[in-house]
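Content type compact mmCIF, C-alpha atoms, from the file data.txt:
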```
# COMPACT_ATOMS: atom_id res chain seq x y z
CA MET A 1 222.26 42.52 167.36
CA ASP A 2 219.87 40.37 169.36
CA SER A 3 218.88 36.88 168.28
CA PHE A 4 215.60 35.15 169.00
CA SER A 5 213.43 32.41 167.56
CA TYR A 6 209.76 31.98 166.80
CA GLN A 7 207.58 29.09 165.71
CA SER A 8 206.18 28.80 162.23
CA LEU A 9 202.42 29.23 162.19
CA ILE A 10 202.20 26.39 159.67
CA ASP A 11 204.10 23.52 161.30
CA GLN A 12 205.60 25.03 164.48
CA TRP A 13 209.10 24.69 163.04
CA PRO A 14 211.55 26.93 164.97
CA ILE A 15 212.73 29.89 162.89
CA GLN A 16 215.97 31.67 163.81
CA ALA A 17 215.65 35.45 163.70
CA TYR A 18 217.66 38.57 164.50
CA SER A 19 216.96 42.14 165.57
CA TRP A 20 219.02 45.32 165.11
CA SER A 21 217.27 48.12 166.99
CA VAL A 22 217.87 51.85 167.06
CA GLU A 23 216.68 54.42 169.57
CA GLN A 24 213.53 56.23 168.46
CA PRO A 25 213.20 54.38 165.13
CA ARG A 26 211.16 55.90 162.35
CA GLY A 27 210.23 52.44 161.07
CA THR A 28 211.35 48.83 160.70
CA VAL A 29 212.84 47.03 157.72
CA ILE A 30 212.34 43.28 157.46
CA ILE A 31 214.92 41.44 155.36
CA ALA A 32 214.00 38.25 153.52
CA HIS A 33 217.22 36.78 152.11
CA GLY A 34 217.94 34.72 149.01
CA MET A 35 218.44 31.03 148.32
CA ALA A 36 221.48 29.25 149.76
CA GLU A 37 222.52 32.17 151.96
CA HIS A 38 221.43 33.63 155.31
CA ALA A 39 220.43 36.81 157.14
CA LEU A 40 223.82 37.66 158.64
CA ARG A 41 225.26 38.31 155.17
CA TYR A 42 223.36 41.61 155.31
CA THR A 43 225.06 43.14 158.34
CA ARG A 44 226.88 45.81 156.28
CA LEU A 45 223.60 46.92 154.69
CA ILE A 46 221.87 46.78 158.07
CA GLY A 47 224.39 49.23 159.50
CA HIS A 48 223.35 51.78 156.88
CA LEU A 49 219.65 51.16 157.50
CA ASN A 50 220.24 51.71 161.22
CA ALA A 51 222.09 54.94 160.43
CA ALA A 52 218.99 56.06 158.51
CA GLY A 53 216.93 55.62 161.66
CA LEU A 54 215.47 52.24 160.77
CA SER A 55 215.39 49.19 163.00
CA VAL A 56 215.83 45.86 161.22
CA LEU A 57 214.42 42.38 161.67
CA ALA A 58 215.58 39.38 159.65
CA MET A 59 215.12 35.65 159.72
CA ASP A 60 217.07 32.69 158.43
CA HIS A 61 214.43 31.15 156.20
CA ARG A 62 213.61 27.52 156.84
CA ALA A 63 216.31 25.22 155.41
CA HIS A 64 218.78 28.12 155.53
CA GLY A 65 221.40 29.49 157.92
CA ARG A 66 220.66 28.59 161.52
CA THR A 67 217.13 27.49 160.68
CA SER A 68 218.07 24.04 159.46
CA GLY A 69 215.47 21.87 157.80
CA PRO A 70 214.62 18.36 159.05
CA ALA A 71 217.39 16.89 156.90
CA GLY A 72 219.70 19.91 157.12
CA LEU A 73 220.33 22.83 154.81
CA GLY A 74 218.12 22.80 151.74
CA ASP A 75 215.29 20.71 153.22
CA PHE A 76 212.06 22.72 153.58
CA GLY A 77 210.33 19.88 155.39
CA ALA A 78 206.85 18.53 154.72
CA ALA A 79 205.27 22.00 154.92
CA GLY A 80 207.37 23.11 151.95
CA TRP A 81 207.64 26.42 150.12
CA ASP A 82 204.27 27.81 151.24
CA ALA A 83 205.42 27.53 154.84
CA LEU A 84 208.53 29.58 154.03
CA VAL A 85 206.27 32.30 152.64
CA ALA A 86 204.03 32.16 155.70
CA ASP A 87 207.06 32.40 158.01
CA ILE A 88 207.48 36.06 156.95
CA ASP A 89 204.25 37.15 158.58
CA PRO A 90 205.17 36.76 162.27
CA LEU A 91 208.08 39.16 161.75
CA VAL A 92 205.80 41.64 159.98
CA GLU A 93 203.33 41.39 162.84
CA ARG A 94 206.10 41.84 165.41
CA ALA A 95 207.35 44.96 163.64
CA GLY A 96 203.87 46.34 163.11
CA ALA A 97 203.01 46.06 166.79
CA ALA A 98 205.09 49.19 167.42
CA GLY A 99 202.73 51.22 165.25
CA LEU A 100 205.54 52.36 162.93
CA PRO A 101 205.90 51.80 159.17
CA VAL A 102 207.10 48.36 158.10
CA ILE A 103 209.18 47.96 154.95
CA LEU A 104 209.79 44.50 153.48
CA LEU A 105 213.17 44.24 151.73
CA ALA A 106 213.35 40.91 149.91
CA HIS A 107 216.15 39.50 147.75
CA SER A 108 216.05 36.74 145.12
CA MET A 109 214.31 33.73 146.73
CA GLY A 110 213.04 36.06 149.44
CA ALA A 111 211.65 38.33 146.71
CA ALA A 112 209.84 35.36 145.15
CA ALA A 113 208.33 34.69 148.57
CA ALA A 114 207.41 38.36 148.91
CA GLN A 115 205.61 38.28 145.55
CA GLN A 116 203.45 35.50 146.96
CA TYR A 117 203.08 37.19 150.36
CA VAL A 118 201.87 40.66 149.39
CA PRO A 119 198.53 39.80 147.75
CA GLU A 120 197.29 38.53 151.13
CA HIS A 121 199.28 40.69 153.54
CA GLY A 122 200.43 43.75 151.63
CA ALA A 123 198.18 46.05 153.67
CA LYS A 124 200.52 45.50 156.62
CA LEU A 125 203.42 47.06 154.71
CA ALA A 126 204.35 50.70 154.15
CA ALA A 127 206.64 49.75 151.23
CA LEU A 128 208.11 46.77 149.39
CA VAL A 129 211.62 46.49 147.96
CA LEU A 130 212.39 43.59 145.62
CA SER A 131 216.07 42.95 144.88
CA GLY A 132 217.47 40.49 142.36
CA THR A 133 214.04 39.26 141.36
CA THR A 134 212.14 38.41 138.19
CA LEU A 135 208.83 37.08 136.93
CA ARG A 136 208.47 34.19 134.50
CA ASN A 137 205.56 32.46 132.85
CA PRO A 138 204.92 28.86 133.94
CA GLY A 139 207.09 26.51 131.91
CA GLN A 140 209.63 29.17 130.97
CA PRO A 141 213.12 27.64 131.27
CA ILE A 142 215.55 28.71 134.00
CA PRO A 143 218.82 29.98 132.47
CA ASP A 144 222.35 28.83 133.29
CA TYR A 145 223.15 31.63 135.70
CA ASN A 146 226.92 31.51 135.38
CA GLY A 147 226.99 30.72 131.67
CA ALA A 148 227.78 34.28 130.56
CA PHE A 149 230.59 34.84 133.07
CA GLU A 150 234.05 33.59 133.88
CA SER A 151 233.98 30.36 135.86
CA ARG A 152 236.69 30.65 138.49
CA THR A 153 234.24 29.45 141.20
CA GLY A 154 230.94 29.04 139.37
CA TYR A 155 229.40 31.88 141.40
CA GLU A 156 230.69 34.84 139.40
CA TRP A 157 227.08 35.64 138.48
CA LEU A 158 226.61 36.96 142.02
CA SER A 159 228.99 39.94 141.84
CA ARG A 160 231.81 41.55 139.86
CA ASP A 161 233.77 41.80 143.14
CA PRO A 162 235.98 38.68 143.48
CA ALA A 163 236.30 39.22 147.25
CA GLU A 164 232.52 39.05 147.65
CA VAL A 165 232.33 35.90 145.54
CA ASP A 166 235.11 34.30 147.59
CA ALA A 167 233.35 35.23 150.84
CA TYR A 168 230.22 33.50 149.59
CA VAL A 169 232.10 30.38 148.50
CA SER A 170 233.97 30.11 151.81
CA ASP A 171 230.85 30.56 153.95
CA PRO A 172 229.71 27.09 155.13
CA LEU A 173 226.11 28.34 155.25
CA CYS A 174 226.14 29.42 151.59
CA GLY A 175 226.18 27.75 148.23
CA PHE A 176 224.33 24.54 148.95
CA GLU A 177 221.95 23.35 146.24
CA GLY A 178 219.61 21.12 148.16
CA GLN A 179 217.10 19.35 145.97
CA GLU A 180 214.30 20.36 148.30
CA VAL A 181 215.17 24.02 147.76
CA ILE A 182 215.21 23.59 144.00
CA ASN A 183 211.95 21.64 143.96
CA GLY A 184 210.28 23.53 146.78
CA MET A 185 210.72 26.96 145.20
CA ASP A 186 208.95 26.85 141.86
CA ARG A 187 210.54 29.84 140.15
CA THR A 188 207.74 29.86 137.57
CA ASP A 189 204.89 29.44 140.10
CA PRO A 190 201.64 30.31 138.26
CA ARG A 191 200.29 32.05 141.36
CA ARG A 192 202.75 34.90 140.81
CA VAL A 193 201.17 35.72 137.44
CA ASP A 194 197.53 35.10 138.42
CA PRO A 195 195.64 38.38 137.76
CA LEU A 196 193.04 37.61 140.41
CA LEU A 197 195.71 37.19 143.07
CA LEU A 198 197.77 40.18 141.91
CA ALA A 199 194.64 42.33 142.11
CA ARG A 200 194.73 41.85 145.89
CA ILE A 201 198.02 43.79 146.18
CA PRO A 202 197.14 47.18 147.72
CA ALA A 203 197.08 49.71 144.89
CA ALA A 204 198.88 52.34 146.98
CA LEU A 205 201.75 50.07 148.11
CA PRO A 206 205.04 51.74 147.02
CA VAL A 207 207.32 49.23 145.29
CA LEU A 208 211.01 49.54 144.42
CA LEU A 209 212.80 47.13 142.08
CA ILE A 210 216.60 46.93 142.48
CA ALA A 211 218.62 45.01 139.90
CA GLY A 212 221.74 44.86 137.80
CA ASP A 213 221.16 44.71 134.09
CA ALA A 214 223.67 41.84 133.85
CA ASP A 215 221.86 39.72 136.45
CA PRO A 216 220.97 36.48 134.63
CA VAL A 217 218.00 35.97 136.92
CA ASN A 218 216.07 38.81 135.26
CA ASP A 219 217.11 37.89 131.68
CA ASN A 220 218.45 41.32 130.67
CA LEU A 221 215.66 43.02 132.64
CA GLN A 222 212.93 41.26 130.63
CA GLY A 223 211.61 39.55 133.76
CA LEU A 224 211.35 42.87 135.57
CA ARG A 225 209.56 44.53 132.66
CA TYR A 226 207.09 41.64 132.74
CA LEU A 227 206.67 42.00 136.52
CA LYS A 228 205.95 45.73 136.13
CA GLN A 229 203.44 45.02 133.37
CA CYS A 230 201.58 42.42 135.42
CA TRP A 231 201.51 44.46 138.62
CA ARG A 232 200.51 47.69 136.91
CA SER A 233 197.73 45.85 135.07
CA ALA A 234 196.61 44.57 138.49
CA GLY A 235 196.35 48.16 139.75
CA VAL A 236 199.63 48.75 141.62
CA LEU A 237 200.15 52.48 141.14
CA SER A 238 203.73 53.18 142.24
CA ILE A 239 206.54 50.95 140.97
CA ASP A 240 209.97 52.59 140.96
CA SER A 241 213.16 50.97 139.71
CA ARG A 242 216.89 51.34 140.12
CA TYR A 243 218.76 49.38 137.46
CA TYR A 244 222.57 49.44 137.44
CA PRO A 245 224.66 48.92 134.26
CA GLY A 246 226.87 45.85 134.51
CA GLY A 247 225.52 44.88 137.90
CA ARG A 248 225.04 41.19 138.62
CA HIS A 249 222.75 39.43 141.09
CA GLU A 250 223.72 40.75 144.53
CA MET A 251 223.64 44.52 144.12
CA PHE A 252 224.28 45.07 147.85
CA ASN A 253 227.56 43.15 147.39
CA GLU A 254 228.50 44.68 144.05
CA THR A 255 231.42 46.95 143.21
CA ASN A 256 229.04 49.95 143.36
CA ARG A 257 227.31 48.77 146.54
CA ASP A 258 227.70 52.19 148.22
CA GLU A 259 225.69 53.81 145.44
CA VAL A 260 223.04 51.10 145.61
CA THR A 261 222.74 51.31 149.39
CA ARG A 262 222.49 55.09 149.29
CA ASP A 263 219.76 54.88 146.66
CA LEU A 264 217.84 52.37 148.77
CA CYS A 265 218.01 54.40 151.98
CA ASN A 266 217.04 57.63 150.24
CA TRP A 267 214.11 55.94 148.48
CA ILE A 268 212.77 54.58 151.77
CA VAL A 269 213.05 57.95 153.51
CA THR A 270 211.52 59.99 150.70
CA THR A 271 208.82 57.45 149.82
CA VAL A 272 207.66 56.18 153.21
CA PHE A 273 208.15 59.29 155.31
CA SER A 274 206.40 61.93 153.22
CA GLU A 275 206.95 64.64 155.80
CA THR A 276 210.68 64.36 155.05
CA SER A 277 210.32 64.27 151.28
CA GLY A 278 213.55 65.37 149.66
CA GLU A 279 215.66 64.51 152.69
CA SER A 280 218.93 62.68 152.10
CA VAL A 281 219.99 60.22 154.76
CA HIS A 282 223.37 60.10 156.45
CA PHE A 283 225.52 57.43 154.81
CA LEU A 284 228.16 55.52 156.74
CA GLN A 285 231.68 55.50 155.34
```
Take the structure from the file and write it as structure tokens.
Amino acid sequence: MDSFSYQSLIDQWPIQAYSWSVEQPRGTVIIAHGMAEHALRYTRLIGHLNAAGLSVLAMDHRAHGRTSGPAGLGDFGAAGWDALVADIDPLVERAGAAGLPVILLAHSMGAAAAQQYVPEHGAKLAALVLSGTTLRNPGQPIPDYNGAFESRTGYEWLSRDPAEVDAYVSDPLCGFEGQEVINGMDRTDPRRVDPLLLARIPAALPVLLIAGDADPVNDNLQGLRYLKQCWRSAGVLSIDSRYYPGGRHEMFNETNRDEVTRDLCNWIVTTVFSETSGESVHFLQ
């Protein structure tokens, strides 16, 4: 892993980023992480992506990880949520400069940012993967995420694996609930359901939705059905899904994470690299 930083195009805020390169890569995956976490939580997944011949770039979003906001974790700064969305583009441009396919893999908050990003910049991507995401109408209430689960830590909604929940709780860069994050990310932003904006998503962009059917974020998959409906009505032709029974919010940290990771890697290879259609990737043990 190499670390580097770049300046936001919006307000020149320094963004911490990371690179995991492979020799002779077939493409690059960019990871946009979720709220109140950070990019280095994905190192296990990144190892499997590297084994599939994919280099990886990831950033700590503003107000997260080692990209602290002006007042610390949770503070987006004056530029706000739209700057966080814009901060994705320099990494996409950096990856695209190599002339190889670029895949955006976005989870939760990162997936909300990706939904806003792709109408303007989707032509730069070879594929889009949205994990732990949803779509809501403006004004629709946000559920109590942990309400349906045991409450040993309050974060049981993330995974059925207690060790993964404990790792999240013990990570000093996870679990904060900064008011700026809550206010800055409008999880019912009307732009994400605007037909005129959605119509700008490239029709041929392959999309994969990854989710557990017990993830409270997607409201028993209703939010994902609505997302599919809106995007298909806007002309997006290829929307695949992998939904896992009993899975909660972080499918890459779930009890069946090996299955999920294998499905992801195989989908990327068979969807993006058509000359290898039907190929199964090597999976690390």
Shell of 12 Å around Gly212 of chain A, only C-alpha atoms, local chain residues under 3 positions omitted, as an MDAnalysis selection string:
chainID A and resid 131:134 157:160 209 215:222 224 241:257 260
Please measure the separation of atom CA of Asp60 of chain A and atom CA of Ala17 of chain A, giving the value in Å to one decimal.
6.1 Å
Among the residues A:Asp2, A:Glu37, A:Asp213, A:Asp89, the one that comes closest to His107 of chain A [using only C-alpha atoms]
A:Glu37
Compile a residue-level contact table for segment 35-123 of chain A against segment 166-172 of chain A at a cut-off of 12 Å, reporting for every qualifying residue the shortest atom pair and its distance in Å to one decimal, with all atoms listed in the file counted, rows ordered by chain and ascending number, as a tab-separated table.
```
residue	atom	partner	partner_atom	distance
A:Ala36	CA	A:Tyr168	CA	9.7
A:Glu37	CA	A:Tyr168	CA	8.2
A:His38	CA	A:Asp171	CA	10.0
A:Leu40	CA	A:Asp171	CA	11.0
A:Arg41	CA	A:Tyr168	CA	8.9
A:His64	CA	A:Pro172	CA	11.0
A:Gly65	CA	A:Pro172	CA	9.1
A:Arg66	CA	A:Pro172	CA	11.2
A:Leu73	CA	A:Pro172	CA	10.3
```
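Closest approach to Met109 of chain A among A:Met35, A:Ala95, A:Ala52, A:Val272 is made by A:Met35 (distances from only C-alpha atoms).
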Using all atoms listed in the file, the residue out of A:Arg44, A:Trp20, A:Arg62, A:Gly122 with shortest distance to Val102 of chain A is A:Gly122
Find, counting all atoms listed in the file, the residue in A:Leu198, A:Ile10, A:Met59, A:Val29 that gets nearest to Val118 of chain A.
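The shortest atom-to-atom distance to Val118 of chain A comes from A:Leu198.
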For segment 192-217 of chain A, which lacks atoms in the input, supply N, CA and C atoms and format the output as a PDB file, in the coordinates of the input.
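Output saved as rebuild10.pdb:
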```pdb
ATOM      1  N   ARG A 192     202.143  33.570 140.879  1.00  0.00           N
ATOM      2  CA  ARG A 192     202.750  34.900 140.810  1.00  0.00           C
ATOM      3  C   ARG A 192     202.352  35.673 139.559  1.00  0.00           C
ATOM      4  N   VAL A 193     201.665  35.020 138.619  1.00  0.00           N
ATOM      5  CA  VAL A 193     201.170  35.720 137.440  1.00  0.00           C
ATOM      6  C   VAL A 193     199.639  35.677 137.354  1.00  0.00           C
ATOM      7  N   ASP A 194     198.985  35.213 138.398  1.00  0.00           N
ATOM      8  CA  ASP A 194     197.530  35.100 138.420  1.00  0.00           C
ATOM      9  C   ASP A 194     196.910  36.487 138.611  1.00  0.00           C
ATOM     10  N   PRO A 195     196.201  37.029 137.623  1.00  0.00           N
ATOM     11  CA  PRO A 195     195.640  38.380 137.760  1.00  0.00           C
ATOM     12  C   PRO A 195     194.714  38.545 138.947  1.00  0.00           C
ATOM     13  N   LEU A 196     193.967  37.509 139.286  1.00  0.00           N
ATOM     14  CA  LEU A 196     193.040  37.610 140.410  1.00  0.00           C
ATOM     15  C   LEU A 196     193.782  37.756 141.735  1.00  0.00           C
ATOM     16  N   LEU A 197     194.911  37.046 141.865  1.00  0.00           N
ATOM     17  CA  LEU A 197     195.710  37.190 143.070  1.00  0.00           C
ATOM     18  C   LEU A 197     196.448  38.526 143.093  1.00  0.00           C
ATOM     19  N   LEU A 198     197.040  38.918 141.961  1.00  0.00           N
ATOM     20  CA  LEU A 198     197.770  40.180 141.910  1.00  0.00           C
ATOM     21  C   LEU A 198     196.850  41.366 142.194  1.00  0.00           C
ATOM     22  N   ALA A 199     195.584  41.239 141.860  1.00  0.00           N
ATOM     23  CA  ALA A 199     194.640  42.330 142.110  1.00  0.00           C
ATOM     24  C   ALA A 199     194.433  42.593 143.593  1.00  0.00           C
ATOM     25  N   ARG A 200     194.865  41.660 144.440  1.00  0.00           N
ATOM     26  CA  ARG A 200     194.730  41.850 145.890  1.00  0.00           C
ATOM     27  C   ARG A 200     195.867  42.694 146.471  1.00  0.00           C
ATOM     28  N   ILE A 201     196.931  42.934 145.691  1.00  0.00           N
ATOM     29  CA  ILE A 201     198.020  43.790 146.180  1.00  0.00           C
ATOM     30  C   ILE A 201     197.458  45.197 146.366  1.00  0.00           C
ATOM     31  N   PRO A 202     197.676  45.825 147.519  1.00  0.00           N
ATOM     32  CA  PRO A 202     197.140  47.180 147.720  1.00  0.00           C
ATOM     33  C   PRO A 202     197.636  48.129 146.632  1.00  0.00           C
ATOM     34  N   ALA A 203     196.723  48.843 146.010  1.00  0.00           N
ATOM     35  CA  ALA A 203     197.080  49.710 144.890  1.00  0.00           C
ATOM     36  C   ALA A 203     198.088  50.777 145.292  1.00  0.00           C
ATOM     37  N   ALA A 204     198.015  51.239 146.540  1.00  0.00           N
ATOM     38  CA  ALA A 204     198.880  52.340 146.980  1.00  0.00           C
ATOM     39  C   ALA A 204     200.207  51.875 147.559  1.00  0.00           C
ATOM     40  N   LEU A 205     200.493  50.564 147.546  1.00  0.00           N
ATOM     41  CA  LEU A 205     201.750  50.070 148.110  1.00  0.00           C
ATOM     42  C   LEU A 205     202.923  50.542 147.251  1.00  0.00           C
ATOM     43  N   PRO A 206     203.856  51.342 147.795  1.00  0.00           N
ATOM     44  CA  PRO A 206     205.040  51.740 147.020  1.00  0.00           C
ATOM     45  C   PRO A 206     205.975  50.545 146.847  1.00  0.00           C
ATOM     46  N   VAL A 207     206.456  50.358 145.620  1.00  0.00           N
ATOM     47  CA  VAL A 207     207.320  49.230 145.290  1.00  0.00           C
ATOM     48  C   VAL A 207     208.591  49.767 144.635  1.00  0.00           C
ATOM     49  N   LEU A 208     209.731  49.230 145.046  1.00  0.00           N
ATOM     50  CA  LEU A 208     211.010  49.540 144.420  1.00  0.00           C
ATOM     51  C   LEU A 208     211.652  48.261 143.925  1.00  0.00           C
ATOM     52  N   LEU A 209     212.069  48.244 142.670  1.00  0.00           N
ATOM     53  CA  LEU A 209     212.800  47.130 142.080  1.00  0.00           C
ATOM     54  C   LEU A 209     214.272  47.526 141.970  1.00  0.00           C
ATOM     55  N   ILE A 210     215.162  46.703 142.537  1.00  0.00           N
ATOM     56  CA  ILE A 210     216.600  46.930 142.480  1.00  0.00           C
ATOM     57  C   ILE A 210     217.236  45.779 141.715  1.00  0.00           C
ATOM     58  N   ALA A 211     218.040  46.089 140.702  1.00  0.00           N
ATOM     59  CA  ALA A 211     218.620  45.010 139.900  1.00  0.00           C
ATOM     60  C   ALA A 211     219.816  45.522 139.110  1.00  0.00           C
ATOM     61  N   GLY A 212     220.716  44.617 138.793  1.00  0.00           N
ATOM     62  CA  GLY A 212     221.740  44.860 137.800  1.00  0.00           C
ATOM     63  C   GLY A 212     221.254  44.397 136.449  1.00  0.00           C
ATOM     64  N   ASP A 213     221.653  45.116 135.405  1.00  0.00           N
ATOM     65  CA  ASP A 213     221.160  44.710 134.090  1.00  0.00           C
ATOM     66  C   ASP A 213     221.934  43.531 133.509  1.00  0.00           C
ATOM     67  N   ALA A 214     222.966  43.063 134.245  1.00  0.00           N
ATOM     68  CA  ALA A 214     223.670  41.840 133.850  1.00  0.00           C
ATOM     69  C   ALA A 214     223.345  40.672 134.773  1.00  0.00           C
ATOM     70  N   ASP A 215     222.307  40.807 135.569  1.00  0.00           N
ATOM     71  CA  ASP A 215     221.860  39.720 136.450  1.00  0.00           C
ATOM     72  C   ASP A 215     221.130  38.694 135.596  1.00  0.00           C
ATOM     73  N   PRO A 216     221.643  37.464 135.482  1.00  0.00           N
ATOM     74  CA  PRO A 216     220.970  36.480 134.630  1.00  0.00           C
ATOM     75  C   PRO A 216     219.595  36.079 135.118  1.00  0.00           C
ATOM     76  N   VAL A 217     219.312  36.338 136.383  1.00  0.00           N
ATOM     77  CA  VAL A 217     218.000  35.970 136.920  1.00  0.00           C
ATOM     78  C   VAL A 217     216.889  36.742 136.213  1.00  0.00           C
TER      79      VAL A 217
END
```
